[in-house]
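Below is my_file.cif, holding mmCIF, C-alpha atoms and all ligand atoms.
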data_input
loop_
_atom_site.label_atom_id
_atom_site.label_comp_id
_atom_site.auth_asym_id
_atom_site.auth_seq_id
_atom_site.Cartn_x
_atom_site.Cartn_y
_atom_site.Cartn_z
CA MET A 223 14.58 24.17 -133.74
CA TYR A 224 15.71 26.39 -130.83
CA THR A 225 12.34 25.95 -129.14
CA LEU A 226 12.57 22.20 -129.57
CA LEU A 227 16.08 22.05 -128.13
CA SER A 228 15.28 24.38 -125.25
CA GLY A 229 12.16 22.31 -124.48
CA LEU A 230 14.25 19.14 -124.49
CA TYR A 231 16.88 20.76 -122.25
CA LYS A 232 14.22 21.91 -119.79
CA TYR A 233 12.59 18.47 -119.81
CA MET A 234 15.91 16.80 -119.02
CA PHE A 235 17.47 19.24 -116.58
CA GLN A 236 14.89 21.61 -115.15
CA LYS A 237 13.77 20.64 -111.69
CA ASP A 238 10.30 20.94 -110.26
CA GLU A 239 10.47 23.42 -107.41
CA TYR A 240 8.63 22.99 -104.14
CA CYS A 241 8.52 25.37 -101.18
CA ILE A 242 8.45 23.69 -97.79
CA LEU A 243 7.79 25.64 -94.60
CA ILE A 244 9.50 24.50 -91.40
CA LEU A 245 7.34 25.66 -88.52
CA GLY A 246 7.08 25.01 -84.79
CA LEU A 247 7.72 26.79 -81.52
CA ASP A 248 11.10 28.36 -80.82
CA ASN A 249 13.63 25.83 -79.55
CA ALA A 250 11.86 22.89 -81.23
CA GLY A 251 14.91 22.19 -83.41
CA LYS A 252 13.83 23.68 -86.76
CA THR A 253 17.18 25.21 -87.64
CA THR A 254 19.05 22.10 -86.54
CA PHE A 255 16.82 20.01 -88.80
CA LEU A 256 17.42 22.36 -91.73
CA GLU A 257 21.20 22.33 -91.20
CA GLN A 258 21.28 18.51 -91.02
CA THR A 259 19.21 18.29 -94.18
CA LYS A 260 21.42 20.74 -96.08
CA THR A 261 24.56 18.95 -94.93
CA LYS A 262 23.26 15.60 -96.09
CA PHE A 263 21.78 16.65 -99.41
CA SER A 264 24.07 19.47 -100.64
CA LYS A 265 27.37 18.19 -102.00
CA ASN A 266 29.55 21.19 -101.21
CA TYR A 267 27.73 22.45 -98.16
CA LYS A 268 29.83 22.50 -95.03
CA GLY A 269 27.25 22.59 -92.30
CA MET A 270 27.60 25.04 -89.45
CA SER A 271 28.54 23.61 -86.09
CA LEU A 272 25.28 22.40 -84.59
CA SER A 273 26.39 23.67 -81.19
CA LYS A 274 26.49 27.20 -82.66
CA ILE A 275 22.91 27.16 -83.90
CA THR A 276 20.72 29.63 -82.09
CA THR A 277 16.95 29.75 -82.14
CA THR A 278 15.39 30.99 -85.39
CA VAL A 279 14.73 34.71 -85.38
CA GLY A 280 13.17 35.79 -88.64
CA LEU A 281 13.85 33.37 -91.46
CA ASN A 282 16.45 30.77 -92.49
CA ILE A 283 16.43 29.56 -96.05
CA GLY A 284 17.86 26.38 -97.54
CA THR A 285 17.64 24.69 -100.93
CA ILE A 286 18.39 21.08 -101.73
CA ASP A 287 17.96 18.93 -104.80
CA VAL A 288 16.46 15.48 -104.41
CA GLY A 289 16.14 13.60 -107.68
CA LYS A 290 14.20 15.78 -110.10
CA ALA A 291 12.84 17.97 -107.33
CA ARG A 292 14.30 21.16 -105.89
CA LEU A 293 13.09 21.72 -102.34
CA MET A 294 13.25 25.24 -100.95
CA PHE A 295 12.93 25.35 -97.19
CA TRP A 296 11.79 28.36 -95.24
CA ASP A 297 12.49 27.95 -91.55
CA LEU A 298 10.40 30.58 -89.77
CA GLY A 299 10.89 31.90 -86.24
CA GLY A 300 8.59 30.26 -83.71
CA GLN A 301 8.44 32.88 -80.97
CA GLU A 302 4.90 34.01 -80.23
CA GLU A 303 5.38 37.43 -81.83
CA LEU A 304 6.84 35.84 -84.99
CA GLN A 305 4.06 33.26 -85.41
CA SER A 306 1.85 36.04 -86.77
CA LEU A 307 4.17 36.17 -89.80
CA TRP A 308 3.74 32.49 -90.69
CA ASP A 309 0.59 33.00 -92.71
CA LYS A 310 2.36 35.38 -95.10
CA TYR A 311 4.16 32.31 -96.47
CA TYR A 312 1.26 29.86 -96.64
CA ALA A 313 0.07 30.71 -100.15
CA GLU A 314 3.48 29.85 -101.62
CA SER A 315 4.01 26.56 -99.80
CA HIS A 316 3.66 23.02 -101.12
CA GLY A 317 4.27 21.29 -97.80
CA VAL A 318 4.75 22.00 -94.12
CA ILE A 319 7.16 20.35 -91.71
CA TYR A 320 5.99 21.04 -88.18
CA VAL A 321 8.65 20.41 -85.53
CA ILE A 322 7.75 19.57 -81.93
CA ASP A 323 10.17 19.47 -79.01
CA SER A 324 9.36 16.05 -77.52
CA THR A 325 11.23 16.95 -74.33
CA ASP A 326 9.09 19.98 -73.56
CA GLU A 327 5.84 18.64 -72.19
CA GLY A 328 5.22 22.00 -70.55
CA ARG A 329 4.88 23.72 -73.94
CA LEU A 330 3.06 20.91 -75.74
CA SER A 331 -0.33 22.61 -75.49
CA GLU A 332 1.20 25.85 -76.76
CA SER A 333 2.65 23.92 -79.69
CA LYS A 334 -0.72 22.29 -80.35
CA GLU A 335 -2.45 25.68 -80.38
CA ALA A 336 0.07 27.04 -82.90
CA PHE A 337 -0.37 23.89 -85.01
CA GLU A 338 -4.15 24.12 -84.87
CA LYS A 339 -4.12 27.77 -85.88
CA MET A 340 -1.77 26.97 -88.75
CA ILE A 341 -3.86 24.10 -90.15
CA SER A 342 -7.01 26.21 -89.86
CA SER A 343 -5.70 28.55 -92.52
CA GLU A 344 -7.55 28.25 -95.82
CA ALA A 345 -4.32 28.94 -97.67
CA LEU A 346 -2.95 25.61 -96.41
CA GLU A 347 -5.99 23.55 -97.34
CA GLY A 348 -4.83 20.26 -98.87
CA VAL A 349 -1.14 21.01 -98.25
CA PRO A 350 0.62 17.89 -96.88
CA LEU A 351 1.96 17.98 -93.33
CA LEU A 352 4.95 16.20 -91.87
CA VAL A 353 5.01 16.45 -88.08
CA LEU A 354 8.38 15.69 -86.50
CA ALA A 355 8.54 14.60 -82.88
CA ASN A 356 12.08 15.89 -82.41
CA LYS A 357 14.74 15.24 -79.74
CA GLN A 358 13.96 11.52 -79.51
CA ASP A 359 17.53 10.97 -78.30
CA VAL A 360 16.58 12.40 -74.90
CA PRO A 361 15.55 9.69 -72.42
CA ASP A 362 11.94 9.86 -71.24
CA CYS A 363 10.91 12.26 -73.98
CA LEU A 364 7.34 12.18 -75.30
CA SER A 365 6.77 9.38 -77.77
CA VAL A 366 4.92 9.65 -81.07
CA PRO A 367 1.76 8.07 -79.54
CA ASP A 368 1.94 10.62 -76.66
CA ILE A 369 2.09 13.46 -79.17
CA LYS A 370 -0.65 12.02 -81.35
CA THR A 371 -2.87 11.81 -78.28
CA ALA A 372 -2.13 15.40 -77.28
CA PHE A 373 -2.89 16.60 -80.83
CA SER A 374 -5.87 14.28 -81.38
CA ASP A 375 -8.51 17.00 -81.37
CA CYS A 376 -6.77 18.60 -84.38
CA ALA A 377 -7.81 15.62 -86.52
CA PRO A 378 -11.01 17.19 -87.94
CA LYS A 379 -9.05 20.24 -89.06
CA ILE A 380 -6.37 18.12 -90.70
CA GLY A 381 -9.18 16.68 -92.79
CA LYS A 382 -8.23 14.68 -95.83
CA ARG A 383 -4.80 16.15 -96.41
CA ASP A 384 -1.78 13.86 -96.03
CA CYS A 385 -0.34 14.04 -92.54
CA LEU A 386 2.39 11.91 -90.99
CA VAL A 387 3.91 12.07 -87.52
CA GLN A 388 7.48 10.80 -87.38
CA PRO A 389 10.05 10.49 -84.59
CA CYS A 390 13.17 12.49 -85.28
CA THR A 391 16.56 13.40 -83.82
CA ALA A 392 17.66 16.48 -85.72
CA LEU A 393 20.81 16.82 -83.64
CA THR A 394 22.34 13.57 -84.84
CA GLY A 395 20.47 13.33 -88.11
CA ALA A 396 19.95 9.63 -87.53
CA LEU A 397 16.19 9.49 -87.83
CA VAL A 398 15.97 12.71 -89.81
CA LEU A 399 17.47 11.04 -92.81
CA CYS A 400 15.85 7.67 -92.83
CA SER A 401 12.35 8.53 -91.78
CA SER A 402 11.70 12.17 -92.61
CA TRP A 403 12.75 11.91 -96.19
CA SER A 404 10.92 8.72 -96.88
CA SER A 405 7.93 10.50 -95.33
CA LEU A 406 8.27 13.41 -97.72
CA SER A 407 8.46 10.89 -100.48
CA THR A 408 5.27 9.29 -99.19
CA LEU A 409 3.65 12.71 -99.19
CA GLY A 410 4.56 13.11 -102.81
CA LEU A 411 7.01 15.97 -102.36
CA ASN A 412 10.17 14.11 -103.17
CA ASN A 413 10.07 12.88 -106.76
P1 LIG B 501 14.63 26.37 -83.40
O1 LIG B 501 15.29 26.73 -84.71
O2 LIG B 501 13.37 25.59 -83.58
O3 LIG B 501 14.42 27.54 -82.50
P2 LIG B 501 17.16 25.08 -82.77
O4 LIG B 501 15.59 25.34 -82.61
O5 LIG B 501 17.45 24.32 -84.00
O6 LIG B 501 17.87 26.38 -82.57
O7 LIG B 501 17.42 24.11 -81.53
C1 LIG B 501 17.12 24.52 -80.21
C2 LIG B 501 17.92 23.69 -79.23
O8 LIG B 501 17.52 22.33 -79.33
C3 LIG B 501 19.44 23.70 -79.52
O9 LIG B 501 20.12 23.56 -78.27
C4 LIG B 501 19.64 22.41 -80.31
O10 LIG B 501 20.95 21.88 -80.22
C5 LIG B 501 18.66 21.50 -79.60
N1 LIG B 501 18.22 20.39 -80.45
C6 LIG B 501 17.75 20.43 -81.70
N2 LIG B 501 17.47 19.20 -82.15
C7 LIG B 501 17.77 18.33 -81.14
C8 LIG B 501 17.71 16.90 -81.00
O11 LIG B 501 17.33 16.14 -81.89
N3 LIG B 501 18.11 16.40 -79.78
C9 LIG B 501 18.54 17.20 -78.77
N4 LIG B 501 18.91 16.59 -77.63
N5 LIG B 501 18.63 18.54 -78.87
C10 LIG B 501 18.25 19.10 -80.06
P3 LIG B 501 20.81 24.78 -77.50
O12 LIG B 501 21.37 24.14 -76.26
O13 LIG B 501 21.85 25.31 -78.42
O14 LIG B 501 19.73 25.77 -77.23
#

Using structure tokens, write down the structure that the file contains.
Ligand code: G3D
Amino acid sequence: MYTLLSGLYKYMFQKDEYCILILGLDNAGKTTFLEQTKTKFSKNYKGMSLSKITTTVGLNIGTIDVGKARLMFWDLGGQEELQSLWDKYYAESHGVIYVIDSTDEGRLSESKEAFEKMISSEALEGVPLLVLANKQDVPDCLSVPDIKTAFSDCAPKIGKRDCLVQPCTALTGALVLCSSWSSLSTLGLNN
């Protein structure tokens, strides 16, 4: 009887847990994206002032519940010396959000190299990717087609896994909420 009841309880209330990595170069807007997401999806979470966010050094963690899914985000530092730590988290991850600073054309090739190295990892084979072209509020920033063109030679390495590139403004949350989350849903991470 206890087993039956506990099974029923788990079926009704237990959430499926997914680990999502938030990766990208330093200054891309990873922490800002995570803060906006937590503010929107966590009832009692009072977000930190976005103007006080400093670039990720080490790891920021956030958990949100969306429907029957619990999403655990790991926002990893993007400085060159910290990128070598990314692969320690790959085996645990169910999805990757890769954030690009659309205003920083000068570092786009650096970002592409980090992206290419990341998707080349066997541990991430088949893991869905959501690429966010962030800072779309800034006039004359790179558009999604610009970024797709710059990253086009990564296509063979992306292979058959789900991959979407979305415009995003983490600072205001405007596009973060409407497009990024429907994208996660499309990728099957948001039940
Ligand atoms: P990181 O965690 O990837 O290192 P942060 O990046 O989240 O710390 O953001 C780096 C800088 O980019 C921050 O500015 C932040 O406010 C800014 N930023 C993040 N998202 C956006 C966006 O959508 N639009 C604009 N215009 N700026 C954004 P500071 O000045 O604090 O360094």

ask   = Out of A:Ala345, A:Ile283, A:Ala392, A:Ala313, which residue has the shortest atom-to-atom distance to A:Ile244 when counting all atoms listed in the file?
value =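 Closest to A:Ile244 of all the choices is A:Ile283.
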
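Take atom O13 of ligand LIG 501 (chain B) and atom CA of A:Asp248: the distance between them is 11.4 Å.
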
Which residues, written as an mmCIF file with C-alpha atoms, keeping the file's coordinate frame, have at least one atom at most 7 Å from A:Asn282, with all atoms listed in the file counted and residues fewer than 6 positions away on the same chain left out?
data_model
loop_
_atom_site.group_PDB
_atom_site.id
_atom_site.type_symbol
_atom_site.label_atom_id
_atom_site.label_comp_id
_atom_site.auth_asym_id
_atom_site.auth_seq_id
_atom_site.Cartn_x
_atom_site.Cartn_y
_atom_site.Cartn_z
ATOM 1 C CA TRP A 296 11.790 28.360 -95.240
ATOM 2 C CA ASP A 297 12.490 27.950 -91.550
ATOM 3 C CA LEU A 298 10.400 30.580 -89.770
#

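By chain and then residue number, the residues within 10 Å of A:His316 are Glu239, Tyr240, Cys241, Ile242, Leu243, Leu293, Met294, Tyr312, Leu346, Gly348, Val349, Pro350, Leu351 and Leu411 of chain A, counting all atoms listed in the file and disregarding those fewer than 4 positions away in sequence.
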
request  = Using all atoms listed in the file, find the one residue out of A:Asp238, A:Asp368, A:Glu344, A:Asp287 that sits nearest to A:Thr259.
outcome  = A:Asp287

request  = Give me the residues within 12 Å of A:Leu247 as an MDAnalysis selection string, counting all atoms listed in the file and dropping any in the same chain fewer than 2 places off.
outcome  = chainID A and resid 244:245 249:253 277:279 297:305 308 320:324 326 329:337 340 356

key: Nearest residue to A:Thr391 from the set A:Asp359, A:Glu257, A:Asp375, A:Asp309 (distances using only C-alpha atoms)   =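 Checking each of A:Asp359, A:Glu257, A:Asp375, A:Asp309 against A:Thr391, counting only C-alpha atoms, the winner is A:Asp359.
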